[in-house]
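Colleague: Right, I'll just put the structure down here and ask away after.
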Amino acid sequence: MLAIGRSPAGRYPVCVLPVPRAIIVPASSALALRCLIFAMTAIDRAFWTDVLTFTADLAQHTGQQLLKDFAGDRATTEKDDGTLLTQSDTWADATLRQAIADRFPDHGLLSEEGNHDLPDRDWCWIIDPIDGTTNFSHGIPVWGISIGLLYRGWPVFGYLYYPPTQEACYGFWPGETGLDLEPGAFRNGRPIRTTSADPGPNQTFSFCTRSIERAPRPFCCKIRAIGSASYNLLTVATGSMVGAYELTPKAWDIAAVWPILKAAGATWISLEAYPPFPLTPGDSYGKRSNACLVVARADLGDFFRRAIGI
């Protein structure tokens, strides 16, 4: 493993790791990440290597403790909006926020269990400490840690880690920011891409627990409801689903998966009167939902809108 030196200011690494040490990847897949990072300028790749390595380490560290909690007491309380909260959510949120504040003191922070107002900063982290709290609290091993990084309100980097299955998914997407950033989406170091399959009885489509009530019977695909907004949508990026419909996701549910989906070739269709991004400094996102339809190919958007009636 290469050692990482530090710049005189101590802010960014001087050299680049082929594969960040905390990410579980086969050696053969290191080339994909190396090609992605070396496509950037020296300053940029130092920054993004730092971001990726830091985020992977943080997610793994936090996930290890959450797995211990998952095997033990998972007592819950109910929040004002009716969703569940565990002590693990609170602990993980505080742990993630403190680590980010220590490492990137000039960046803003927005989290599900903390501040819901977007700070007036170019860079802002947005986190969901446990995406899939209901699954977590009931002993269902489909939940994860969601960490996104916004630039001027746009998600440009996302990291999703699912401790029970040890899946680490991450992506880079410059979008409309003008950043010199090469797009890429990966799962455990291997590039991922949406499926080219057509809808049919042997293909799968993901609904959330609220949108599934709108699913017509019969439906053109096999129906799944996973119980984690980020994982529901991520399945389109990994090629497992031809589409997904989420009715009430919040900004912290979608910020990390957004760049992964975009880089993997998925099409995001907003079902609200407003776009999900960019977020606006000073605005509160605690009660703002982002109903969406995500499909593996752009031409499937109208097909599924007609099939579901949305």
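In the structure tokens, the first chain shown is A, the next is B, and so on; residue numbers restart at 1 for each chain, and ligands run from 1 in the order shown.
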Report as JSON lines the residues of region 77-191 of chain A within 9 Å of region 259-283 of chain A, each with its shortest atom pair and distance in Å (one decimal), using only C-alpha atoms, ordered by chain and increasing residue number.

Modeller:
```
{"residue": "A:His116", "atom": "CA", "partner": "A:Asp283", "partner_atom": "CA", "distance": 8.3}
{"residue": "A:Asp117", "atom": "CA", "partner": "A:Asp283", "partner_atom": "CA", "distance": 5.5}
{"residue": "A:Leu118", "atom": "CA", "partner": "A:Pro281", "partner_atom": "CA", "distance": 4.8}
{"residue": "A:Pro119", "atom": "CA", "partner": "A:Pro281", "partner_atom": "CA", "distance": 5.4}
{"residue": "A:Asp120", "atom": "CA", "partner": "A:Pro281", "partner_atom": "CA", "distance": 4.8}
{"residue": "A:Arg121", "atom": "CA", "partner": "A:Pro281", "partner_atom": "CA", "distance": 7.6}
{"residue": "A:Gly148", "atom": "CA", "partner": "A:Pro259", "partner_atom": "CA", "distance": 8.8}
{"residue": "A:Leu150", "atom": "CA", "partner": "A:Leu279", "partner_atom": "CA", "distance": 8.7}
{"residue": "A:Tyr151", "atom": "CA", "partner": "A:Pro278", "partner_atom": "CA", "distance": 9.0}
{"residue": "A:Arg152", "atom": "CA", "partner": "A:Pro278", "partner_atom": "CA", "distance": 7.3}
{"residue": "A:Gly153", "atom": "CA", "partner": "A:Leu279", "partner_atom": "CA", "distance": 4.4}
{"residue": "A:Trp154", "atom": "CA", "partner": "A:Pro278", "partner_atom": "CA", "distance": 4.8}
{"residue": "A:Pro155", "atom": "CA", "partner": "A:Pro259", "partner_atom": "CA", "distance": 6.3}
{"residue": "A:Val156", "atom": "CA", "partner": "A:Pro259", "partner_atom": "CA", "distance": 5.8}
{"residue": "A:Phe157", "atom": "CA", "partner": "A:Pro259", "partner_atom": "CA", "distance": 5.9}
{"residue": "A:Gly158", "atom": "CA", "partner": "A:Pro259", "partner_atom": "CA", "distance": 6.0}
{"residue": "A:Tyr159", "atom": "CA", "partner": "A:Ile260", "partner_atom": "CA", "distance": 8.4}
{"residue": "A:Cys169", "atom": "CA", "partner": "A:Ile260", "partner_atom": "CA", "distance": 7.7}
{"residue": "A:Tyr170", "atom": "CA", "partner": "A:Ile260", "partner_atom": "CA", "distance": 6.1}
{"residue": "A:Gly171", "atom": "CA", "partner": "A:Ile260", "partner_atom": "CA", "distance": 4.3}
{"residue": "A:Phe172", "atom": "CA", "partner": "A:Pro259", "partner_atom": "CA", "distance": 5.6}
{"residue": "A:Trp173", "atom": "CA", "partner": "A:Pro259", "partner_atom": "CA", "distance": 4.9}
{"residue": "A:Pro174", "atom": "CA", "partner": "A:Pro259", "partner_atom": "CA", "distance": 8.1}
{"residue": "A:Gly175", "atom": "CA", "partner": "A:Pro259", "partner_atom": "CA", "distance": 8.4}
{"residue": "A:Pro183", "atom": "CA", "partner": "A:Ala263", "partner_atom": "CA", "distance": 5.4}
{"residue": "A:Gly184", "atom": "CA", "partner": "A:Ala263", "partner_atom": "CA", "distance": 5.2}
{"residue": "A:Ala185", "atom": "CA", "partner": "A:Ile260", "partner_atom": "CA", "distance": 5.1}
{"residue": "A:Phe186", "atom": "CA", "partner": "A:Ile260", "partner_atom": "CA", "distance": 7.7}
{"residue": "A:Pro191", "atom": "CA", "partner": "A:Ala264", "partner_atom": "CA", "distance": 8.3}
```

Colleague: Measuring atom to atom with only C-alpha atoms, identify which of A:Asp299, A:Asp106, A:Glu246, A:Glu213 is nearest to Trp123 (chain A).

Modeller: A:Asp106

Colleague: Which of region 148-279 of chain A counts as alpha helix (DSSP H) under DSSP, as a PyMOL selection string please?

Modeller: chain A and resi 229-237+251-254+257-264

Colleague: Take the residues that were just selected and, keeping N, CA, C and O atoms, output them as a PDB file, in the first residue's frame.

Modeller:
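As a result, result.pdb now contains:
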```
ATOM      1  N   ALA A 229     -34.538   3.962   1.161  1.00  0.00           N
ATOM      2  CA  ALA A 229     -34.691   4.805  -0.029  1.00  0.00           C
ATOM      3  C   ALA A 229     -33.443   4.773  -0.904  1.00  0.00           C
ATOM      4  O   ALA A 229     -33.529   4.629  -2.127  1.00  0.00           O
ATOM      5  N   SER A 230     -32.281   4.902  -0.286  1.00  0.00           N
ATOM      6  CA  SER A 230     -31.050   4.909  -1.083  1.00  0.00           C
ATOM      7  C   SER A 230     -30.840   3.574  -1.786  1.00  0.00           C
ATOM      8  O   SER A 230     -30.449   3.526  -2.954  1.00  0.00           O
ATOM      9  N   TYR A 231     -31.135   2.472  -1.087  1.00  0.00           N
ATOM     10  CA  TYR A 231     -30.922   1.156  -1.701  1.00  0.00           C
ATOM     11  C   TYR A 231     -31.958   0.894  -2.788  1.00  0.00           C
ATOM     12  O   TYR A 231     -31.648   0.288  -3.817  1.00  0.00           O
ATOM     13  N   ASN A 232     -33.203   1.325  -2.564  1.00  0.00           N
ATOM     14  CA  ASN A 232     -34.231   1.210  -3.601  1.00  0.00           C
ATOM     15  C   ASN A 232     -33.740   1.812  -4.913  1.00  0.00           C
ATOM     16  O   ASN A 232     -33.841   1.196  -5.978  1.00  0.00           O
ATOM     17  N   LEU A 233     -33.220   3.032  -4.831  1.00  0.00           N
ATOM     18  CA  LEU A 233     -32.772   3.740  -6.024  1.00  0.00           C
ATOM     19  C   LEU A 233     -31.446   3.182  -6.541  1.00  0.00           C
ATOM     20  O   LEU A 233     -31.224   3.108  -7.756  1.00  0.00           O
ATOM     21  N   LEU A 234     -30.582   2.779  -5.625  1.00  0.00           N
ATOM     22  CA  LEU A 234     -29.278   2.241  -6.015  1.00  0.00           C
ATOM     23  C   LEU A 234     -29.414   1.003  -6.895  1.00  0.00           C
ATOM     24  O   LEU A 234     -28.580   0.764  -7.774  1.00  0.00           O
ATOM     25  N   THR A 235     -30.455   0.224  -6.673  1.00  0.00           N
ATOM     26  CA  THR A 235     -30.625  -1.009  -7.456  1.00  0.00           C
ATOM     27  C   THR A 235     -30.761  -0.723  -8.955  1.00  0.00           C
ATOM     28  O   THR A 235     -30.458  -1.586  -9.769  1.00  0.00           O
ATOM     29  N   VAL A 236     -31.180   0.482  -9.301  1.00  0.00           N
ATOM     30  CA  VAL A 236     -31.237   0.854 -10.722  1.00  0.00           C
ATOM     31  C   VAL A 236     -29.821   1.079 -11.239  1.00  0.00           C
ATOM     32  O   VAL A 236     -29.466   0.644 -12.336  1.00  0.00           O
ATOM     33  N   ALA A 237     -28.989   1.735 -10.440  1.00  0.00           N
ATOM     34  CA  ALA A 237     -27.603   1.991 -10.843  1.00  0.00           C
ATOM     35  C   ALA A 237     -26.805   0.702 -10.989  1.00  0.00           C
ATOM     36  O   ALA A 237     -25.940   0.594 -11.867  1.00  0.00           O
ATOM     37  N   ALA A 251     -33.902  15.106   1.186  1.00  0.00           N
ATOM     38  CA  ALA A 251     -32.622  15.416   0.550  1.00  0.00           C
ATOM     39  C   ALA A 251     -31.524  14.462   1.002  1.00  0.00           C
ATOM     40  O   ALA A 251     -30.681  14.044   0.201  1.00  0.00           O
ATOM     41  N   TRP A 252     -31.508  14.103   2.300  1.00  0.00           N
ATOM     42  CA  TRP A 252     -30.458  13.213   2.806  1.00  0.00           C
ATOM     43  C   TRP A 252     -30.656  11.770   2.333  1.00  0.00           C
ATOM     44  O   TRP A 252     -29.727  10.974   2.408  1.00  0.00           O
ATOM     45  N   ASP A 253     -31.844  11.432   1.849  1.00  0.00           N
ATOM     46  CA  ASP A 253     -32.070  10.098   1.287  1.00  0.00           C
ATOM     47  C   ASP A 253     -31.499   9.963  -0.114  1.00  0.00           C
ATOM     48  O   ASP A 253     -31.174   8.855  -0.555  1.00  0.00           O
ATOM     49  N   ILE A 254     -31.400  11.070  -0.839  1.00  0.00           N
ATOM     50  CA  ILE A 254     -31.079  10.989  -2.266  1.00  0.00           C
ATOM     51  C   ILE A 254     -29.759  11.648  -2.660  1.00  0.00           C
ATOM     52  O   ILE A 254     -29.260  11.418  -3.756  1.00  0.00           O
ATOM     53  N   VAL A 257     -26.931   9.028  -3.396  1.00  0.00           N
ATOM     54  CA  VAL A 257     -27.209   8.107  -4.499  1.00  0.00           C
ATOM     55  C   VAL A 257     -27.313   8.837  -5.838  1.00  0.00           C
ATOM     56  O   VAL A 257     -27.129   8.232  -6.898  1.00  0.00           O
ATOM     57  N   TRP A 258     -27.594  10.135  -5.816  1.00  0.00           N
ATOM     58  CA  TRP A 258     -27.750  10.924  -7.045  1.00  0.00           C
ATOM     59  C   TRP A 258     -26.544  10.811  -7.975  1.00  0.00           C
ATOM     60  O   TRP A 258     -26.691  10.442  -9.148  1.00  0.00           O
ATOM     61  N   PRO A 259     -25.307  11.143  -7.515  1.00  0.00           N
ATOM     62  CA  PRO A 259     -24.170  11.045  -8.435  1.00  0.00           C
ATOM     63  C   PRO A 259     -23.892   9.620  -8.888  1.00  0.00           C
ATOM     64  O   PRO A 259     -23.399   9.398 -10.005  1.00  0.00           O
ATOM     65  N   ILE A 260     -24.203   8.639  -8.054  1.00  0.00           N
ATOM     66  CA  ILE A 260     -24.002   7.238  -8.444  1.00  0.00           C
ATOM     67  C   ILE A 260     -24.950   6.880  -9.581  1.00  0.00           C
ATOM     68  O   ILE A 260     -24.554   6.278 -10.589  1.00  0.00           O
ATOM     69  N   LEU A 261     -26.210   7.252  -9.429  1.00  0.00           N
ATOM     70  CA  LEU A 261     -27.203   6.987 -10.472  1.00  0.00           C
ATOM     71  C   LEU A 261     -26.837   7.688 -11.770  1.00  0.00           C
ATOM     72  O   LEU A 261     -26.882   7.078 -12.859  1.00  0.00           O
ATOM     73  N   LYS A 262     -26.484   8.953 -11.678  1.00  0.00           N
ATOM     74  CA  LYS A 262     -26.162   9.717 -12.880  1.00  0.00           C
ATOM     75  C   LYS A 262     -24.966   9.113 -13.614  1.00  0.00           C
ATOM     76  O   LYS A 262     -24.979   8.955 -14.843  1.00  0.00           O
ATOM     77  N   ALA A 263     -23.915   8.792 -12.849  1.00  0.00           N
ATOM     78  CA  ALA A 263     -22.712   8.249 -13.474  1.00  0.00           C
ATOM     79  C   ALA A 263     -22.939   6.858 -14.042  1.00  0.00           C
ATOM     80  O   ALA A 263     -22.262   6.450 -14.986  1.00  0.00           O
ATOM     81  N   ALA A 264     -23.901   6.117 -13.481  1.00  0.00           N
ATOM     82  CA  ALA A 264     -24.184   4.759 -13.955  1.00  0.00           C
ATOM     83  C   ALA A 264     -25.118   4.747 -15.161  1.00  0.00           C
ATOM     84  O   ALA A 264     -25.372   3.686 -15.724  1.00  0.00           O
TER      85      ALA A 264
END
```

Colleague: Any idea what the distance is between CA of Ala291 (chain A) and CA of Tyr161 (chain A)?

Modeller: 23.0 Å

Colleague: Would you pick out the contacts of Thr90 (chain A) at 12 Å or less, using only C-alpha atoms, so that residues sharing its chain but fewer than 2 positions from it are not included, and give the list as an MDAnalysis selection string?

Modeller: chainID A and resid 62 66 76:77 84:88 92:97 111:114 128:130 133

Colleague: Those same residues - N, CA and C atoms - I'd like them written as an mmCIF file, in the first residue's frame.

Modeller:
```
data_model
loop_
_atom_site.group_PDB
_atom_site.id
_atom_site.type_symbol
_atom_site.label_atom_id
_atom_site.label_comp_id
_atom_site.auth_asym_id
_atom_site.auth_seq_id
_atom_site.Cartn_x
_atom_site.Cartn_y
_atom_site.Cartn_z
ATOM 1 N N THR A 62 -17.916 3.690 11.427
ATOM 2 C CA THR A 62 -19.267 3.860 11.962
ATOM 3 C C THR A 62 -20.080 2.581 11.797
ATOM 4 N N LEU A 66 -22.362 0.139 14.392
ATOM 5 C CA LEU A 66 -23.781 -0.081 14.113
ATOM 6 C C LEU A 66 -24.113 -1.564 14.009
ATOM 7 N N THR A 76 -36.560 1.780 20.029
ATOM 8 C CA THR A 76 -36.885 2.921 19.178
ATOM 9 C C THR A 76 -37.822 3.904 19.868
ATOM 10 N N THR A 77 -37.801 5.138 19.361
ATOM 11 C CA THR A 77 -38.802 6.139 19.695
ATOM 12 C C THR A 77 -39.382 6.644 18.379
ATOM 13 N N LEU A 84 -39.250 6.308 12.718
ATOM 14 C CA LEU A 84 -38.595 5.768 13.906
ATOM 15 C C LEU A 84 -37.203 6.355 14.097
ATOM 16 N N LEU A 85 -36.782 6.380 15.355
ATOM 17 C CA LEU A 85 -35.449 6.848 15.715
ATOM 18 C C LEU A 85 -34.886 5.903 16.754
ATOM 19 N N THR A 86 -33.638 5.482 16.578
ATOM 20 C CA THR A 86 -32.953 4.657 17.564
ATOM 21 C C THR A 86 -31.779 5.442 18.142
ATOM 22 N N GLN A 87 -31.255 4.952 19.266
ATOM 23 C CA GLN A 87 -30.061 5.572 19.830
ATOM 24 C C GLN A 87 -28.892 5.448 18.855
ATOM 25 N N SER A 88 -28.923 4.414 18.036
ATOM 26 C CA SER A 88 -27.862 4.218 17.052
ATOM 27 C C SER A 88 -27.884 5.320 15.997
ATOM 28 N N ALA A 92 -24.672 7.651 15.518
ATOM 29 C CA ALA A 92 -24.015 7.663 14.210
ATOM 30 C C ALA A 92 -24.029 9.059 13.604
ATOM 31 N N ASP A 93 -25.145 9.761 13.753
ATOM 32 C CA ASP A 93 -25.240 11.118 13.217
ATOM 33 C C ASP A 93 -24.189 12.019 13.855
ATOM 34 N N ALA A 94 -24.074 11.950 15.182
ATOM 35 C CA ALA A 94 -23.097 12.784 15.884
ATOM 36 C C ALA A 94 -21.669 12.399 15.500
ATOM 37 N N THR A 95 -21.421 11.110 15.340
ATOM 38 C CA THR A 95 -20.088 10.628 14.979
ATOM 39 C C THR A 95 -19.688 11.116 13.586
ATOM 40 N N LEU A 96 -20.599 10.988 12.645
ATOM 41 C CA LEU A 96 -20.321 11.421 11.281
ATOM 42 C C LEU A 96 -20.111 12.932 11.215
ATOM 43 N N ARG A 97 -20.985 13.672 11.873
ATOM 44 C CA ARG A 97 -20.881 15.134 11.821
ATOM 45 C C ARG A 97 -19.584 15.625 12.457
ATOM 46 N N SER A 111 -27.849 17.200 8.030
ATOM 47 C CA SER A 111 -28.095 15.794 8.338
ATOM 48 C C SER A 111 -29.530 15.571 8.777
ATOM 49 N N GLU A 112 -29.963 14.310 8.670
ATOM 50 C CA GLU A 112 -31.346 13.982 9.030
ATOM 51 C C GLU A 112 -31.618 14.263 10.505
ATOM 52 N N GLU A 113 -30.678 13.906 11.366
ATOM 53 C CA GLU A 113 -30.921 14.051 12.802
ATOM 54 C C GLU A 113 -30.368 15.358 13.360
ATOM 55 N N GLY A 114 -29.807 16.207 12.497
ATOM 56 C CA GLY A 114 -29.246 17.470 12.964
ATOM 57 C C GLY A 114 -29.822 18.658 12.229
ATOM 58 N N ASP A 128 -27.191 10.776 6.074
ATOM 59 C CA ASP A 128 -28.256 10.005 6.711
ATOM 60 C C ASP A 128 -27.541 8.887 7.461
ATOM 61 N N PRO A 129 -27.514 8.946 8.798
ATOM 62 C CA PRO A 129 -26.705 7.985 9.563
ATOM 63 C C PRO A 129 -27.163 6.542 9.414
ATOM 64 N N ILE A 130 -28.476 6.324 9.336
ATOM 65 C CA ILE A 130 -29.001 4.987 9.051
ATOM 66 C C ILE A 130 -30.170 5.154 8.088
ATOM 67 N N THR A 133 -34.011 2.881 8.859
ATOM 68 C CA THR A 133 -34.099 2.705 10.315
ATOM 69 C C THR A 133 -35.149 1.674 10.709
#
```
